[in-house]
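K.L.:
Just work21.cif, nothing more (mmCIF, C-alpha atoms and all ligand atoms):
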```cif
data_model
#
loop_
_atom_site.label_atom_id
_atom_site.label_comp_id
_atom_site.auth_asym_id
_atom_site.auth_seq_id
_atom_site.Cartn_x
_atom_site.Cartn_y
_atom_site.Cartn_z
CA MET W 1 19.32 -13.43 5.35
CA ASP W 2 19.18 -13.78 1.55
CA LEU W 3 15.54 -13.12 0.69
CA GLY W 4 15.94 -14.61 -2.80
CA LEU W 5 14.68 -11.47 -4.53
CA LYS W 6 17.66 -10.34 -6.60
CA GLY W 7 16.70 -9.78 -10.25
CA LYS W 8 12.92 -9.96 -9.71
CA TRP W 9 10.71 -7.23 -11.22
CA ALA W 10 8.25 -5.32 -9.05
CA LEU W 11 5.49 -2.88 -9.87
CA VAL W 12 5.07 -0.58 -6.87
CA CYS W 13 2.05 1.69 -7.28
CA ALA W 14 1.77 5.18 -5.79
CA ALA W 15 5.37 5.22 -4.66
CA SER W 16 6.77 8.76 -4.91
CA LYS W 17 6.16 9.26 -1.18
CA GLY W 18 5.15 7.56 2.02
CA LEU W 19 4.41 3.86 2.35
CA GLY W 20 4.76 3.03 -1.35
CA LYS W 21 8.17 4.68 -1.41
CA GLY W 22 9.17 2.75 1.73
CA CYS W 23 8.29 -0.50 -0.05
CA ALA W 24 10.16 0.49 -3.23
CA GLN W 25 13.28 1.42 -1.21
CA ALA W 26 13.31 -1.90 0.61
CA LEU W 27 12.85 -3.86 -2.62
CA VAL W 28 15.57 -1.96 -4.52
CA ARG W 29 17.98 -2.61 -1.62
CA GLU W 30 17.36 -6.34 -2.13
CA GLY W 31 18.33 -6.05 -5.81
CA VAL W 32 14.76 -6.01 -7.13
CA HIS W 33 14.13 -3.99 -10.32
CA VAL W 34 11.18 -1.67 -9.74
CA VAL W 35 8.67 0.30 -11.74
CA ILE W 36 7.27 3.06 -9.54
CA THR W 37 4.23 5.18 -10.29
CA ALA W 38 2.65 8.39 -9.01
CA ARG W 39 0.55 11.13 -10.54
CA GLY W 40 3.06 13.99 -10.23
CA ALA W 41 6.12 13.52 -12.47
CA GLU W 42 8.40 15.84 -10.48
CA ALA W 43 8.17 14.11 -7.08
CA LEU W 44 8.26 10.75 -8.86
CA GLU W 45 11.49 11.53 -10.72
CA ALA W 46 13.09 12.82 -7.50
CA THR W 47 12.19 9.55 -5.76
CA ALA W 48 13.45 7.52 -8.72
CA ALA W 49 16.80 9.34 -8.47
CA GLU W 50 16.98 8.56 -4.72
CA LEU W 51 16.23 4.91 -5.38
CA ARG W 52 18.86 4.66 -8.14
CA ALA W 53 21.43 6.12 -5.74
CA LEU W 54 20.92 3.05 -3.52
CA GLY W 55 22.79 1.06 -6.15
CA GLY W 56 20.37 -1.89 -6.10
CA GLY W 57 17.97 -2.93 -8.82
CA GLU W 58 17.01 -0.92 -11.91
CA VAL W 59 14.43 1.82 -11.34
CA ARG W 60 11.84 2.96 -13.88
CA ALA W 61 9.35 5.75 -13.19
CA VAL W 62 5.95 6.03 -14.87
CA ALA W 63 3.87 9.13 -14.15
CA GLY W 64 0.13 8.53 -14.25
CA ASP W 65 -3.02 7.92 -12.28
CA ILE W 66 -3.07 4.25 -11.31
CA THR W 67 -6.84 4.40 -10.78
CA THR W 68 -7.36 4.90 -14.54
CA ALA W 69 -7.10 2.25 -17.26
CA GLU W 70 -4.45 4.36 -19.06
CA GLY W 71 -2.38 4.71 -15.89
CA ARG W 72 -2.44 0.96 -15.31
CA THR W 73 -1.63 0.13 -18.94
CA ALA W 74 1.40 2.47 -18.90
CA ALA W 75 2.66 1.06 -15.59
CA LEU W 76 2.32 -2.55 -16.75
CA ALA W 77 3.97 -1.77 -20.10
CA ALA W 78 7.07 -0.46 -18.32
CA CYS W 79 7.56 -3.68 -16.35
CA PRO W 80 9.12 -6.52 -18.42
CA ARG W 81 7.35 -8.97 -16.14
CA VAL W 82 5.60 -8.48 -12.82
CA ASP W 83 6.96 -10.90 -10.22
CA ILE W 84 5.90 -8.64 -7.36
CA LEU W 85 2.91 -6.33 -7.30
CA VAL W 86 2.51 -3.76 -4.53
CA ASN W 87 -0.95 -2.24 -4.80
CA ASN W 88 -1.36 1.25 -3.41
CA ALA W 89 -3.21 4.50 -4.15
CA GLY W 90 -4.32 7.56 -2.26
CA GLY W 91 -7.02 6.95 0.33
CA PRO W 92 -10.56 8.36 0.09
CA PRO W 93 -11.43 11.57 1.98
CA PRO W 94 -13.03 11.52 5.44
CA GLY W 95 -16.63 12.61 5.94
CA ASP W 96 -20.17 11.64 6.87
CA PHE W 97 -21.94 8.95 4.85
CA ARG W 98 -25.03 11.16 4.67
CA ASP W 99 -23.07 13.50 2.40
CA TRP W 100 -21.66 10.89 0.00
CA ASP W 101 -23.45 10.36 -3.29
CA ARG W 102 -23.00 7.48 -5.71
CA ASP W 103 -20.06 9.22 -7.41
CA ALA W 104 -18.14 9.51 -4.13
CA TRP W 105 -18.61 5.78 -3.53
CA ILE W 106 -17.68 4.82 -7.09
CA LYS W 107 -14.48 6.86 -6.83
CA ALA W 108 -13.48 5.15 -3.57
CA VAL W 109 -14.35 1.67 -4.83
CA ASP W 110 -12.51 2.36 -8.09
CA ALA W 111 -9.32 3.51 -6.34
CA ASN W 112 -9.14 1.19 -3.36
CA MET W 113 -10.88 -1.97 -4.56
CA LEU W 114 -11.21 -2.23 -8.36
CA THR W 115 -7.77 -0.83 -9.24
CA PRO W 116 -5.88 -3.48 -7.24
CA ILE W 117 -8.26 -6.15 -8.60
CA GLU W 118 -7.59 -5.05 -12.20
CA LEU W 119 -3.84 -5.16 -11.59
CA MET W 120 -4.06 -8.63 -10.03
CA LYS W 121 -6.17 -9.76 -12.99
CA ALA W 122 -3.41 -8.58 -15.33
CA THR W 123 -0.60 -10.31 -13.45
CA VAL W 124 -1.37 -13.29 -11.22
CA ASP W 125 -1.90 -15.93 -13.93
CA LYS W 126 1.47 -15.10 -15.48
CA MET W 127 3.06 -15.26 -12.02
CA ALA W 128 1.49 -18.70 -11.59
CA GLU W 129 2.88 -19.87 -14.96
CA ARG W 130 6.37 -18.88 -13.80
CA GLY W 131 5.86 -20.53 -10.38
CA TYR W 132 6.53 -17.45 -8.26
CA GLY W 133 4.53 -14.33 -7.51
CA ARG W 134 3.88 -11.96 -4.64
CA VAL W 135 1.07 -9.47 -4.26
CA VAL W 136 1.05 -7.06 -1.33
CA ASN W 137 -2.06 -4.92 -1.02
CA ILE W 138 -1.56 -1.81 1.07
CA THR W 139 -4.93 -1.30 2.75
CA SER W 140 -5.47 0.12 6.23
CA GLY W 141 -5.87 -0.78 9.89
CA ALA W 142 -9.43 0.47 9.25
CA VAL W 143 -10.16 -2.91 7.64
CA LYS W 144 -9.77 -4.53 11.08
CA ALA W 145 -10.96 -1.66 13.26
CA PRO W 146 -13.15 0.74 11.25
CA ILE W 147 -12.70 4.47 11.72
CA ASP W 148 -16.03 6.32 11.80
CA VAL W 149 -15.08 9.27 9.56
CA LEU W 150 -13.32 7.03 7.05
CA GLY W 151 -16.43 5.16 5.93
CA LEU W 152 -15.41 5.24 2.25
CA SER W 153 -12.09 3.63 3.15
CA ASN W 154 -13.67 1.11 5.57
CA GLY W 155 -16.10 0.02 2.88
CA ALA W 156 -13.93 -0.04 -0.25
CA ARG W 157 -10.92 -1.66 1.41
CA SER W 158 -13.05 -4.29 3.14
CA GLY W 159 -14.46 -5.18 -0.27
CA LEU W 160 -10.94 -5.72 -1.58
CA THR W 161 -9.98 -7.73 1.51
CA GLY W 162 -12.97 -10.04 1.13
CA PHE W 163 -12.30 -10.60 -2.56
CA VAL W 164 -8.61 -11.30 -1.96
CA ALA W 165 -9.42 -13.83 0.77
CA GLY W 166 -10.96 -15.96 -1.96
CA LEU W 167 -8.42 -15.29 -4.72
CA ALA W 168 -5.42 -16.00 -2.50
CA ARG W 169 -6.83 -19.48 -1.76
CA SER W 170 -7.68 -20.30 -5.37
CA SER W 171 -5.58 -22.44 -7.75
CA ILE W 172 -2.80 -19.81 -7.87
CA ALA W 173 -1.89 -20.72 -4.27
CA GLY W 174 -0.56 -24.08 -5.51
CA LYS W 175 1.60 -22.34 -8.10
CA GLY W 176 3.82 -20.21 -5.90
CA VAL W 177 1.69 -17.06 -5.81
CA THR W 178 0.87 -15.41 -2.49
CA ILE W 179 -1.43 -12.45 -1.86
CA ASN W 180 -1.46 -10.64 1.46
CA GLY W 181 -2.76 -7.39 2.88
CA LEU W 182 -0.46 -5.01 4.73
CA LEU W 183 -2.52 -2.84 7.08
CA PRO W 184 -0.92 0.42 8.23
CA GLY W 185 -1.91 1.95 11.53
CA ALA W 186 -0.47 5.47 12.02
CA PHE W 187 2.64 6.06 9.89
CA ASP W 188 4.78 9.15 9.61
CA THR W 189 3.93 10.16 6.04
CA ASP W 190 2.72 13.33 4.31
CA ARG W 191 -0.82 12.02 4.39
CA LEU W 192 -0.93 11.50 8.16
CA ASN W 193 0.88 14.77 8.87
CA MET W 194 -1.62 16.65 6.68
CA THR W 195 -4.45 15.13 8.71
CA LEU W 196 -2.73 16.14 11.97
CA LYS W 197 -2.16 19.68 10.64
CA ALA W 198 -5.87 19.93 9.82
CA VAL W 199 -6.70 18.90 13.40
CA ALA W 200 -4.23 21.51 14.70
CA ALA W 201 -5.88 24.21 12.57
CA ARG W 202 -9.36 23.16 13.70
CA THR W 203 -8.56 23.01 17.41
CA GLY W 204 -6.15 25.96 17.57
CA LYS W 205 -3.44 23.74 19.12
CA ASP W 206 0.03 23.62 17.61
CA PHE W 207 1.10 20.75 15.37
CA ALA W 208 3.66 19.29 17.82
CA THR W 209 0.99 19.06 20.54
CA ILE W 210 -1.49 17.33 18.24
CA ARG W 211 1.15 14.92 17.00
CA GLY W 212 2.26 14.16 20.56
CA GLU W 213 -1.35 13.47 21.58
CA ARG W 214 -1.75 11.11 18.63
CA GLU W 215 1.47 9.29 19.50
CA ARG W 216 0.35 8.76 23.09
CA THR W 217 -2.71 6.84 21.83
CA ILE W 218 -0.34 4.19 20.43
CA PRO W 219 1.27 1.68 22.84
CA ALA W 220 4.60 2.09 20.97
CA LEU W 221 4.30 5.86 21.76
CA ARG W 222 5.28 6.87 18.23
CA LEU W 223 4.27 6.76 14.60
CA GLY W 224 5.58 3.97 12.38
CA THR W 225 8.19 4.73 9.73
CA PRO W 226 7.95 4.00 5.99
CA GLU W 227 11.21 2.01 6.41
CA GLU W 228 9.53 -0.33 8.92
CA PHE W 229 6.60 -0.71 6.54
CA GLY W 230 8.95 -1.47 3.64
CA ALA W 231 10.80 -4.09 5.68
CA MET W 232 7.58 -6.03 6.28
CA CYS W 233 6.62 -5.68 2.61
CA VAL W 234 9.95 -7.08 1.47
CA PHE W 235 9.63 -10.03 3.83
CA LEU W 236 6.18 -10.82 2.43
CA CYS W 237 7.79 -10.85 -1.03
CA SER W 238 10.68 -13.11 0.02
CA VAL W 239 11.06 -16.77 -0.89
CA GLN W 240 10.93 -17.48 2.85
CA ALA W 241 7.34 -16.18 3.00
CA GLY W 242 6.07 -18.66 0.40
CA TYR W 243 3.73 -20.37 2.89
CA LEU W 244 2.14 -17.11 4.03
CA THR W 245 -0.92 -16.21 1.97
CA GLY W 246 -4.39 -14.77 2.36
CA GLN W 247 -3.37 -12.95 5.53
CA ASN W 248 -3.79 -9.39 6.72
CA ILE W 249 -0.78 -8.12 8.61
CA LEU W 250 -1.43 -5.19 10.92
CA LEU W 251 1.48 -2.82 11.56
CA ASP W 252 0.23 -0.39 14.19
CA GLY W 253 2.57 -0.23 17.18
CA GLY W 254 0.02 -2.18 19.26
CA ALA W 255 -2.86 0.25 18.67
CA TYR W 256 -5.44 -2.48 17.91
CA PRO W 257 -6.67 -3.55 21.35
CA GLY W 258 -7.63 -7.18 20.63
CA THR W 259 -5.79 -10.39 21.54
CA PHE W 260 -5.44 -11.38 17.87
P1 LIG F 301 1.20 9.71 1.00
O1 LIG F 301 0.24 10.81 0.69
O2 LIG F 301 2.36 9.99 1.89
O3 LIG F 301 1.74 9.07 -0.37
C1 LIG F 301 0.83 8.65 -1.33
C2 LIG F 301 1.55 8.33 -2.63
O4 LIG F 301 0.59 7.84 -3.54
C3 LIG F 301 2.18 9.54 -3.29
O5 LIG F 301 3.36 9.10 -3.91
C4 LIG F 301 1.14 9.95 -4.33
O6 LIG F 301 1.72 10.64 -5.42
C5 LIG F 301 0.64 8.60 -4.75
N1 LIG F 301 -0.70 8.54 -5.30
C6 LIG F 301 -1.86 8.92 -4.69
N2 LIG F 301 -2.90 8.69 -5.51
C7 LIG F 301 -2.41 8.14 -6.64
C8 LIG F 301 -2.98 7.69 -7.84
N3 LIG F 301 -4.29 7.75 -8.05
N4 LIG F 301 -2.17 7.18 -8.81
C9 LIG F 301 -0.83 7.12 -8.62
N5 LIG F 301 -0.24 7.53 -7.48
C10 LIG F 301 -1.01 8.04 -6.52
O7 LIG F 301 0.26 8.54 1.61
P2 LIG F 301 0.66 7.28 2.54
O8 LIG F 301 0.54 7.71 3.96
O9 LIG F 301 1.89 6.64 2.05
O10 LIG F 301 -0.61 6.34 2.28
C11 LIG F 301 -0.63 5.30 1.31
C12 LIG F 301 -1.95 4.56 1.46
O11 LIG F 301 -2.02 3.99 2.77
C13 LIG F 301 -3.18 5.46 1.31
O12 LIG F 301 -4.20 4.76 0.65
C14 LIG F 301 -3.56 5.73 2.73
O13 LIG F 301 -4.93 6.03 2.86
C15 LIG F 301 -3.21 4.41 3.40
N6 LIG F 301 -3.02 4.55 4.85
C16 LIG F 301 -2.03 5.33 5.35
C17 LIG F 301 -1.89 5.43 6.73
C18 LIG F 301 -0.80 6.28 7.35
O14 LIG F 301 -0.74 6.39 8.58
N7 LIG F 301 0.09 6.91 6.61
C19 LIG F 301 -2.76 4.75 7.59
C20 LIG F 301 -3.76 3.95 7.03
C21 LIG F 301 -3.89 3.86 5.65
#
```
How would this structure read if it were set down as structure tokens?
Ligand code: NAD
P.N.:
Amino acid sequence: MDLGLKGKWALVCAASKGLGKGCAQALVREGVHVVITARGAEALEATAAELRALGGGEVRAVAGDITTAEGRTAALAACPRVDILVNNAGGPPPGDFRDWDRDAWIKAVDANMLTPIELMKATVDKMAERGYGRVVNITSGAVKAPIDVLGLSNGARSGLTGFVAGLARSSIAGKGVTINGLLPGAFDTDRLNMTLKAVAARTGKDFATIRGERERTIPALRLGTPEEFGAMCVFLCSVQAGYLTGQNILLDGGAYPGTF
């Protein structure tokens, strides 16, 4: 299927590893030119080289913290125009809400709610003027089924999801711009494996046992792959997905137990 994406420009945030990288790979394979960002220049440049080797669209790498104004300015400046925006950043730490002060909340809201909102503010009206635009917000399955220890994530990402529900249905919807949330369940990335290693260290069990136990909680009996995540992202960006907006797509191997 020709997804109609060749020659578009995408800004893919937090993309040196994991889910962001999966999205960037899938877009580059479709001939999309990408600007990828991450804080660490070394891992970012290595990923950029991998993406260039795919022989698809042009790849530009901008090192910087996307949750800062400077990081966002640099990322936007490197992208001749943003047809596709994939919002992503590291997730907030786990913990107990009794221990979180105002600063902890501000940091989470800044990273996982206000940063994507700032980037949409900088891009969606220009997308609308050109008659095509796609925003994919990487959030979390925790938006649909909150995870107790991830209260900062549950709260900040739900704030973004509520805001986007309104924006996606505003006047930009009639001008070819779609905005959707992509909600990861358990995906095989550094982040998830670090969490599983921490559980292994805490319980004294080995990593393979902990990972196997986690996988058996998922009906698909495995973790998702960044490639599967990227494939859904690229479909949301396609011309074929032009009538799909304001939705939250859960990719979790059947882990969410509800009917819909
Ligand atoms: P990861 O740690 O594997 O990769 C994160 C990427 O983001 C890296 O490239 C890192 O350099 C970059 N990054 C982090 N903070 C950044 C910042 N402030 N500015 C620029 N780049 C930054 O993580 P992942 O598993 O791909 O997770 C991506 C997002 O999805 C996170 O917000 C995470 O909480 C969320 N999530 C992941 C899972 C999962 O199972 N992997 C599940 C639910 C939610």
K.L.:
Give me the residues of chain W that have any atom at most 8 Å from an atom of ligand LIG 301 (chain F); for each, the nearest atom pair and the distance in Å, rounded to one decimal. Use only C-alpha atoms and all ligand atoms, sort by chain and number, and format it as a tab-separated table.
P.N.:
```
residue	atom	partner	partner_atom	distance
W:Cys13	CA	F:LIG301	N5	6.3
W:Ala14	CA	F:LIG301	N5	3.5
W:Ala15	CA	F:LIG301	O5	4.4
W:Ser16	CA	F:LIG301	O5	3.6
W:Lys17	CA	F:LIG301	O5	3.9
W:Gly18	CA	F:LIG301	O9	3.4
W:Leu19	CA	F:LIG301	O9	3.8
W:Gly20	CA	F:LIG301	O9	5.7
W:Lys21	CA	F:LIG301	O5	7.0
W:Thr37	CA	F:LIG301	C9	5.7
W:Ala38	CA	F:LIG301	N5	3.4
W:Arg39	CA	F:LIG301	C9	4.7
W:Gly40	CA	F:LIG301	O6	6.0
W:Ala43	CA	F:LIG301	O6	7.5
W:Leu44	CA	F:LIG301	O5	7.2
W:Ala63	CA	F:LIG301	C9	7.5
W:Gly64	CA	F:LIG301	C9	5.9
W:Asp65	CA	F:LIG301	N4	3.6
W:Ile66	CA	F:LIG301	N4	4.0
W:Thr67	CA	F:LIG301	N3	5.0
W:Thr68	CA	F:LIG301	N3	7.7
W:Gly71	CA	F:LIG301	N4	7.5
W:Asn88	CA	F:LIG301	C12	5.9
W:Ala89	CA	F:LIG301	N2	4.4
W:Gly90	CA	F:LIG301	C6	3.7
W:Gly91	CA	F:LIG301	O13	3.4
W:Pro92	CA	F:LIG301	O13	6.7
W:Ala111	CA	F:LIG301	N3	6.8
W:Asn112	CA	F:LIG301	O12	7.3
W:Ile138	CA	F:LIG301	O11	6.1
W:Thr139	CA	F:LIG301	C15	6.0
W:Ser140	CA	F:LIG301	C21	4.1
W:Gly141	CA	F:LIG301	C20	5.9
W:Ala142	CA	F:LIG301	C20	7.0
W:Ser153	CA	F:LIG301	O13	7.6
W:Leu183	CA	F:LIG301	C20	6.9
W:Pro184	CA	F:LIG301	C20	4.7
W:Gly185	CA	F:LIG301	C19	4.9
W:Ala186	CA	F:LIG301	O14	3.6
W:Phe187	CA	F:LIG301	O14	3.6
W:Asp188	CA	F:LIG301	N7	6.0
W:Thr189	CA	F:LIG301	O2	4.4
W:Asp190	CA	F:LIG301	O2	4.1
W:Arg191	CA	F:LIG301	O1	4.0
W:Leu192	CA	F:LIG301	N7	5.0
W:Leu223	CA	F:LIG301	O14	7.8
W:Gly224	CA	F:LIG301	O14	7.8
W:Pro226	CA	F:LIG301	O9	7.7
```
K.L.:
Kindly indicate which residue among W:Ala49, W:Val32, W:Ala26, W:Leu54 lies nearest to Gly7 in chain W, using all atoms listed in the file for the distances.
P.N.:
W:Val32
K.L.:
Show which residues sit within 9 Å of Thr123 in chain W, as number ranges by chain. Count only C-alpha atoms, and ignore same-chain residues fewer than 3 positions away.
P.N.:
W: 76, 81-83, 85, 118-120, 126-128, 133
K.L.:
Which is closest to Thr225 in chain W among W:Cys23, W:Ile210, W:Ala108, W:Ala46, if we use only C-alpha atoms?
P.N.:
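Closest to Thr225 in chain W, using only C-alpha atoms: W:Cys23.
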K.L.:
Tell me which of W:Gly155, W:Glu129, W:Tyr243, W:Gln25 sits closest to Arg52 in chain W, counting only C-alpha atoms.
P.N.:
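Residue with the minimum atom-to-atom distance to Arg52 in chain W: W:Gln25.
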K.L.:
Calculate how many Å separate CA of Arg214 in chain W from CA of Ala255 in chain W, rounding to one decimal.
P.N.:
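Between these atoms lies a distance of 10.9 Å.
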K.L.:
Tell me which of W:Glu215, W:Asn180, W:Asp206, W:Ile249 sits closest to Gly166 in chain W, counting only C-alpha atoms.
P.N.:
W:Asn180
K.L.:
How many Å lie between CA of Trp9 in chain W and CA of His33 in chain W, rounded to one decimal?
P.N.:
4.8 Å
K.L.:
Can you measure CA of Thr178 in chain W to CA of Gln247 in chain W for me? One decimal in Å is fine.
P.N.:
9.4 Å
K.L.:
Might you pull out every residue within 12 Å of Trp105 in chain W, with all atoms listed in the file counted and same-chain residues fewer than 4 positions away left off, and present them as a list in words?
P.N.:
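Returned residues: Pro92, Pro93, Gly95, Phe97, Arg98, Asp99, Trp100, Asp101, Val109, Asp110, Ala111, Asn112, Met113, Leu114, Leu150, Gly151, Leu152, Ser153, Asn154, Gly155, Ala156 and Arg157 of chain W.
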K.L.:
Find the residue from W:Gly181, W:Gly57, W:Pro94, W:Leu167 that sits nearest to Val149 in chain W; use all atoms listed in the file when measuring.
P.N.:
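The shortest atom-to-atom distance to Val149 in chain W comes from W:Pro94.
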K.L.:
Given the choices W:Asp96, W:Thr217, W:Leu250, W:Pro80, which gets closest to Met232 in chain W if the distance is worked out from only C-alpha atoms?
P.N.:
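Of all the options, W:Leu250 lies closest to Met232 in chain W.
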K.L.:
Identify, on the basis of only C-alpha atoms, every residue whose closest approach to Arg130 in chain W does not exceed 10 Å; exclude the query and any residue fewer than 4 positions from it along the same chain; express the result as a list in words.
P.N.:
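Everything that qualifies: Asp83, Val124, Asp125, Lys126, Lys175, Gly176 and Val177 of chain W.
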K.L.:
Which residues are close to Leu236 in chain W, i.e. within 9 Å by all atoms listed in the file, leaving aside same-chain residues fewer than 2 positions away? Reply as a list in words.
P.N.:
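What passes the distance filter is Arg134, Val135, Val136, Thr178, Ile179, Asn180, Ala231, Met232, Cys233, Val234, Ser238, Val239, Gln240, Ala241, Gly242, Leu244 and Thr245 of chain W.
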K.L.:
Write out as a PyMOL selection string each polymer residue whose atoms come within 8 Å of Val34 in chain W, counting all atoms listed in the file; drop sequence neighbours fewer than 4 positions from it.
P.N.:
chain W and resi 9-12+24+27-28+57-60+79
K.L.:
With C-alpha atoms kept, could you save the residues just selected as a PDB file, in the coordinates of the input?
P.N.:
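File again_3.pdb, as written:
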```
ATOM      1  CA  TRP W   9      10.710  -7.230 -11.220  1.00  0.00           C
ATOM      2  CA  ALA W  10       8.250  -5.320  -9.050  1.00  0.00           C
ATOM      3  CA  LEU W  11       5.490  -2.880  -9.870  1.00  0.00           C
ATOM      4  CA  VAL W  12       5.070  -0.580  -6.870  1.00  0.00           C
ATOM      5  CA  ALA W  24      10.160   0.490  -3.230  1.00  0.00           C
ATOM      6  CA  LEU W  27      12.850  -3.860  -2.620  1.00  0.00           C
ATOM      7  CA  VAL W  28      15.570  -1.960  -4.520  1.00  0.00           C
ATOM      8  CA  GLY W  57      17.970  -2.930  -8.820  1.00  0.00           C
ATOM      9  CA  GLU W  58      17.010  -0.920 -11.910  1.00  0.00           C
ATOM     10  CA  VAL W  59      14.430   1.820 -11.340  1.00  0.00           C
ATOM     11  CA  ARG W  60      11.840   2.960 -13.880  1.00  0.00           C
ATOM     12  CA  CYS W  79       7.560  -3.680 -16.350  1.00  0.00           C
TER      13      CYS W  79
END
```
K.L.:
Where atoms are missing, can you supply N, CA and C atoms for range 84-100 of chain W and output the lot as a JSON list (two decimals), in the frame of the given file?
P.N.:
```json
[["chain", "number", "residue", "atom", "x", "y", "z"],
["W", 84, "ILE", "N", 6.39, -9.20, -8.64],
["W", 84, "ILE", "CA", 5.90, -8.64, -7.36],
["W", 84, "ILE", "C", 5.01, -7.46, -7.70],
["W", 85, "LEU", "N", 3.83, -7.44, -7.10],
["W", 85, "LEU", "CA", 2.91, -6.33, -7.30],
["W", 85, "LEU", "C", 2.58, -5.73, -5.94],
["W", 86, "VAL", "N", 2.90, -4.45, -5.76],
["W", 86, "VAL", "CA", 2.51, -3.76, -4.53],
["W", 86, "VAL", "C", 1.41, -2.78, -4.90],
["W", 87, "ASN", "N", 0.19, -3.10, -4.48],
["W", 87, "ASN", "CA", -0.95, -2.24, -4.80],
["W", 87, "ASN", "C", -1.10, -1.14, -3.78],
["W", 88, "ASN", "N", -1.23, 0.08, -4.28],
["W", 88, "ASN", "CA", -1.36, 1.25, -3.41],
["W", 88, "ASN", "C", -1.97, 2.37, -4.22],
["W", 89, "ALA", "N", -2.67, 3.27, -3.54],
["W", 89, "ALA", "CA", -3.21, 4.50, -4.15],
["W", 89, "ALA", "C", -3.59, 5.42, -3.01],
["W", 90, "GLY", "N", -3.88, 6.65, -3.32],
["W", 90, "GLY", "CA", -4.32, 7.56, -2.26],
["W", 90, "GLY", "C", -5.61, 7.04, -1.63],
["W", 91, "GLY", "N", -5.81, 7.39, -0.37],
["W", 91, "GLY", "CA", -7.02, 6.95, 0.33],
["W", 91, "GLY", "C", -8.17, 7.93, 0.10],
["W", 92, "PRO", "N", -9.41, 7.47, 0.27],
["W", 92, "PRO", "CA", -10.56, 8.36, 0.09],
["W", 92, "PRO", "C", -10.62, 9.41, 1.20],
["W", 93, "PRO", "N", -11.32, 10.51, 0.96],
["W", 93, "PRO", "CA", -11.43, 11.57, 1.98],
["W", 93, "PRO", "C", -12.31, 11.15, 3.16],
["W", 94, "PRO", "N", -12.14, 11.79, 4.31],
["W", 94, "PRO", "CA", -13.03, 11.52, 5.44],
["W", 94, "PRO", "C", -14.37, 12.22, 5.22],
["W", 95, "GLY", "N", -15.33, 11.93, 6.05],
["W", 95, "GLY", "CA", -16.63, 12.61, 5.94],
["W", 95, "GLY", "C", -17.74, 11.84, 6.62],
["W", 96, "ASP", "N", -18.97, 12.24, 6.29],
["W", 96, "ASP", "CA", -20.17, 11.64, 6.87],
["W", 96, "ASP", "C", -20.92, 10.94, 5.74],
["W", 97, "PHE", "N", -21.36, 9.71, 5.97],
["W", 97, "PHE", "CA", -21.94, 8.95, 4.85],
["W", 97, "PHE", "C", -23.21, 9.61, 4.31],
["W", 98, "ARG", "N", -23.82, 10.46, 5.13],
["W", 98, "ARG", "CA", -25.03, 11.16, 4.67],
["W", 98, "ARG", "C", -24.72, 12.14, 3.53],
["W", 99, "ASP", "N", -23.45, 12.53, 3.43],
["W", 99, "ASP", "CA", -23.07, 13.50, 2.40],
["W", 99, "ASP", "C", -22.52, 12.84, 1.14],
["W", 100, "TRP", "N", -22.31, 11.53, 1.15],
["W", 100, "TRP", "CA", -21.66, 10.89, 0.00],
["W", 100, "TRP", "C", -22.70, 10.41, -1.00]]
```
